[in-house]
Amino acid sequence: MRMQLKLFLTYLLVSLLGLFLAGVLISSSERKRSLTQLEQSMFSQTHLLSIIFSTSLSNSLSLAKIDSLTDELSRDIQGRITIIDKQGKVLGDSYENGEALLRMENHRNRPEVVSALQDKPKKSIRYSYTVKEEMLYIASPIKLQGETIGVARLALPLTELRHQQNRILNIVLLGLVAAFIFSLVLSLGFANRVSKPLRQMMQIGKLLSKGDFTQRIKTKTRDEIGELGEILNQMSDELSQKIAQISEEKSQIDSILSSMVEGVLAVDSSGKVLLVNKTLSQVFNLGSANYGKPYYEVIRNPELNQFIQEVLTNPKEKRKEVSFFHPEEKDFMVQSALVKQKRKGSISLLFVFHDITELKKTERIRKDFVANVSHELRTPLTSIKGFVEALKDGAINDPEKSLQFLSIISQHADRMNKIVTDLLQLSRIESKDFSLKIEPFFLKELFDEVFATLKNSAQDKSQILEISLPSPDLQISADRHWIIQALTNLVDNAIKYTPEKGKIRIEARDKGESVEIAVIDNGIGIPQKDLPRIFERFYRVDKGRSRESGGTGLGLSIVKHIIEAHAGKIEVKSQEGKGSEFSFSLKKVYV
């Protein structure tokens with residue numbers, strides 16, 4: 001919506017609202033004034049009627065004479081007159097006579113009559129079923145020697161009052177229409193006056209964006225719009241003067257950004273920061289306020305500052321690995337690059353930051369893995385070698401000892417075999433050729449197979465191993481072989497780390513489109529500090545106890561890789577001394 005139309009509609013709406021409120025107030029005020037005048041006149045008339053009829057009632061005139069007098073006075077007043085005694089009986093009524101007058105109901109309960117009998121003249125407006133229209137009633141007490149002996153009531157139809165109000169309303173509406181037309185013209189003129197210079201500024205602004213700085217804004221007003229025009233003219237002059245400088249600097253910046261690999265830091269020959277690209281700004285939480293400052297104030301790292309100083313002192317291409325510990329731990333390969341300086345204060349050196357954090361992490365994991373494998377294999381190999389030497393030294397001739405030593409050798413060989421088997425499983429899962437055989441199968445069959453495999457291990461420790469399924473017909477879509485492997489590892493771990501007479505539950509939870517499988521135990525639990533690392537290879541919370549239980553430290557790592565291969569995620573909740581819960585979700589099959 002254009003500015004002119006917005007302004008026009010705004011002022012028009014304000015005018016309409018003001019005129020509407022004015023009309024409502026005028027109409028309401030006029031109705032109130034007319035009604036007040038009528039009430040005052042009727043109060044005076046009913047007071048005169050009470051005086052006139054006080055004598056008539058005191059002389060005990062007949063009903064016919066009282067009714068005749070009401071008719072006569074009604075013609076002069078042009079309203080309905082009703083004379084009522086203090087018991088509420090109608091003695092005379094200008095609208096009724098004869099038998100109809102005698103049949104009129106008792107008026108003692110009429111609001112205005114009740115108030116008049118209490119010496120409190122009161123008005124009342126209500127619909128009259130006798131005359132079939134809305135009436136205004138005013139009642140005044142008829143007194144004789146200070147005692148109320150009856151009530152004189154005057155009633156006038158409000159038809160004339162409404163006619164008078166309608167005439168006034170018509171006049172007000174005509175005035176409002178005239179005022180609306182005037183405000184319409186005024187709003188249109190004002191909107192055009194305000195929007196015209198803005199349209200001119202917009203047209204010139206388009207020309208400025210295309211590089212035409214010769215146009216000028218002409219305004220005749222001295223208000224804010226005029227000041228804005230002068231500011232735009234001044235800006236045009238400044239842009240025209242600086243466009244050449246901006247073009248030169250832009251070409252340099254484009255050159256830097258186009259050759260950027262990762263993070264980029266640009267400094268001049270004195271070491272002042274001229275440019276920090278978005279990547280580096282995000283890594284070190286830097287902003288444009290750092291431009292122009294010395295490099296050692298922008299990035300506070302002694303090792304990097306020393307490297308930059310070396311390059312500034314002896315400008316040549318160099319590279320160096322630098323580690324940062326704030327705001328987070330990262331490793332970078334910093335590469336310096338020389339830039340031909342076109343003028344004093346322009347870019348002299350570029351430092352490109354290659355993030356090698358993941359590479360270093362991978363290298364550390366590889367070293368830890370090799371060290372862990374070596375350690376895990378060295379222990380059984382040392383034992384095997386020791387017992388073989390013992391057998392060679394003569395223990396083989398002792399049947400009892402030889403059988404004992406061979407049993408130990410067999411146990412260590414089995415342990416080595418399990419380590420190698422787990423490593424081969426991990427290697428297979430991580431290989432590019434690894435593929436899953438996804439098929440639907442009943443979750444109950446999976447739980448039953450795992451239960452049958454491990455129930456003896458649980459019974460050996462007097463543990464309760466139970467299954468919880470929302471429905472025996474629940475099906476999932478996954479690789480049956482690998483999911484059995486993952487679930488077996490989790491339940492086996494729960495049995496190992498749950499004390500005797502503990503409880504392990506394999507539970508399935510229907511989540512709509514997926515099924516969550518959880519293994520819950522009330523075992524020793526896992527300390528919070530160890531939770532982030534329990535899925536690492538060979539990581540153990542309690543290394544001594546893990547080896548005693550026959551664990552290789554690879555079970556949870558295998559589980560993690562199996563679940564991730566199914567595009568899932570394994571989660572763990574644990575509280576030390578109270579137990580653990582391992583859970584993962586798989587796709588549900590709808591039957």
# chains A, B, ... in the order shown; residues from 1 in each chain; ligands from 1
call {"tool": "residues_around", "arguments": {"residues": "region 514-526 of chain A", "least_positions_apart": "4", "cutoff": "8 Å", "atoms": "only C-alpha atoms", "output": "PyMOL selection string"}}
result
chain A and resi 476+490-491+494+497-499+502-510+530-531+541+574-588
call {"tool": "residues_around", "arguments": {"residues": "Glu439 (chain A)", "least_positions_apart": "6", "cutoff": "9 Å", "atoms": "only C-alpha atoms", "output": "number ranges by chain"}}
result
A: 476-480
call {"tool": "write_last_selection", "arguments": {"atoms": "C-alpha atoms", "output": "mmCIF file, in the first residue's frame"}}
result
data_model
loop_
_atom_site.group_PDB
_atom_site.id
_atom_site.type_symbol
_atom_site.label_atom_id
_atom_site.label_comp_id
_atom_site.auth_asym_id
_atom_site.auth_seq_id
_atom_site.Cartn_x
_atom_site.Cartn_y
_atom_site.Cartn_z
ATOM 1 C CA ILE A 476 9.215 -53.156 14.000
ATOM 2 C CA SER A 477 11.244 -52.720 10.815
ATOM 3 C CA ALA A 478 14.977 -53.318 11.289
ATOM 4 C CA ASP A 479 17.840 -55.757 10.754
ATOM 5 C CA ARG A 480 16.873 -58.593 13.098
#
call {"tool": "select_by_dssp", "arguments": {"residues": "region 363-540 of chain A", "states": "strand (DSSP E or B)", "output": "list of chain:residue names"}}
result
A:Glu439, A:Pro440, A:Phe441, A:Phe442, A:Ile464, A:Leu465, A:Glu466, A:Ile467, A:Ser468, A:Gln475, A:Ile476, A:Ser477, A:Ala478, A:Lys503, A:Ile504, A:Arg505, A:Ile506, A:Glu507, A:Ala508, A:Arg509, A:Asp510, A:Ser514, A:Val515, A:Glu516, A:Ile517, A:Ala518, A:Val519, A:Ile520, A:Asp521
call {"tool": "select_by_dssp", "arguments": {"residues": "region 143-188 of chain A", "states": "helix (DSSP H, G or I)", "output": "PDB file with C-alpha atoms, in the first residue's frame"}}
result
ATOM      1  CA  THR A 159     -44.089  10.086  20.151  1.00  0.00           C
ATOM      2  CA  GLU A 160     -43.635  13.835  19.767  1.00  0.00           C
ATOM      3  CA  LEU A 161     -40.350  13.678  21.636  1.00  0.00           C
ATOM      4  CA  ARG A 162     -39.091  11.034  19.207  1.00  0.00           C
ATOM      5  CA  HIS A 163     -40.252  13.097  16.243  1.00  0.00           C
ATOM      6  CA  GLN A 164     -38.371  16.091  17.610  1.00  0.00           C
ATOM      7  CA  GLN A 165     -35.252  13.989  18.168  1.00  0.00           C
ATOM      8  CA  ASN A 166     -35.475  12.558  14.635  1.00  0.00           C
ATOM      9  CA  ARG A 167     -35.610  16.097  13.223  1.00  0.00           C
ATOM     10  CA  ILE A 168     -32.538  17.046  15.244  1.00  0.00           C
ATOM     11  CA  LEU A 169     -30.795  13.816  14.205  1.00  0.00           C
ATOM     12  CA  ASN A 170     -31.442  14.569  10.533  1.00  0.00           C
ATOM     13  CA  ILE A 171     -29.918  18.023  10.974  1.00  0.00           C
ATOM     14  CA  VAL A 172     -26.907  16.493  12.750  1.00  0.00           C
ATOM     15  CA  LEU A 173     -26.490  13.879   9.993  1.00  0.00           C
ATOM     16  CA  LEU A 174     -26.543  16.568   7.321  1.00  0.00           C
ATOM     17  CA  GLY A 175     -23.879  18.447   9.242  1.00  0.00           C
ATOM     18  CA  LEU A 176     -21.808  15.293   9.646  1.00  0.00           C
ATOM     19  CA  VAL A 177     -22.038  14.478   5.934  1.00  0.00           C
ATOM     20  CA  ALA A 178     -20.894  18.002   5.094  1.00  0.00           C
ATOM     21  CA  ALA A 179     -18.045  17.700   7.613  1.00  0.00           C
ATOM     22  CA  PHE A 180     -17.141  14.265   6.194  1.00  0.00           C
ATOM     23  CA  ILE A 181     -16.912  15.611   2.652  1.00  0.00           C
ATOM     24  CA  PHE A 182     -14.764  18.483   3.900  1.00  0.00           C
ATOM     25  CA  SER A 183     -12.478  16.108   5.837  1.00  0.00           C
ATOM     26  CA  LEU A 184     -12.278  13.847   2.769  1.00  0.00           C
ATOM     27  CA  VAL A 185     -10.967  16.693   0.631  1.00  0.00           C
ATOM     28  CA  LEU A 186      -8.673  17.895   3.423  1.00  0.00           C
ATOM     29  CA  SER A 187      -7.249  14.379   4.029  1.00  0.00           C
ATOM     30  CA  LEU A 188      -6.583  13.865   0.330  1.00  0.00           C
TER      31      LEU A 188
END
call {"tool": "closest_residue", "arguments": {"among": "A:Ser247, A:Arg364, A:Pro157, A:Ser236", "to": "Lys206 (chain A)", "atoms": "only C-alpha atoms"}}
result
A:Ser236
call {"tool": "closest_residue", "arguments": {"among": "A:Lys123, A:Lys367, A:Arg110, A:His566", "to": "Glu39 (chain A)", "atoms": "only C-alpha atoms"}}
result
A:Lys123
call {"tool": "atom_distance", "arguments": {"atom1": "CA of Leu136 (chain A)", "atom2": "CA of Ile66 (chain A)"}}
result
22.5 Å
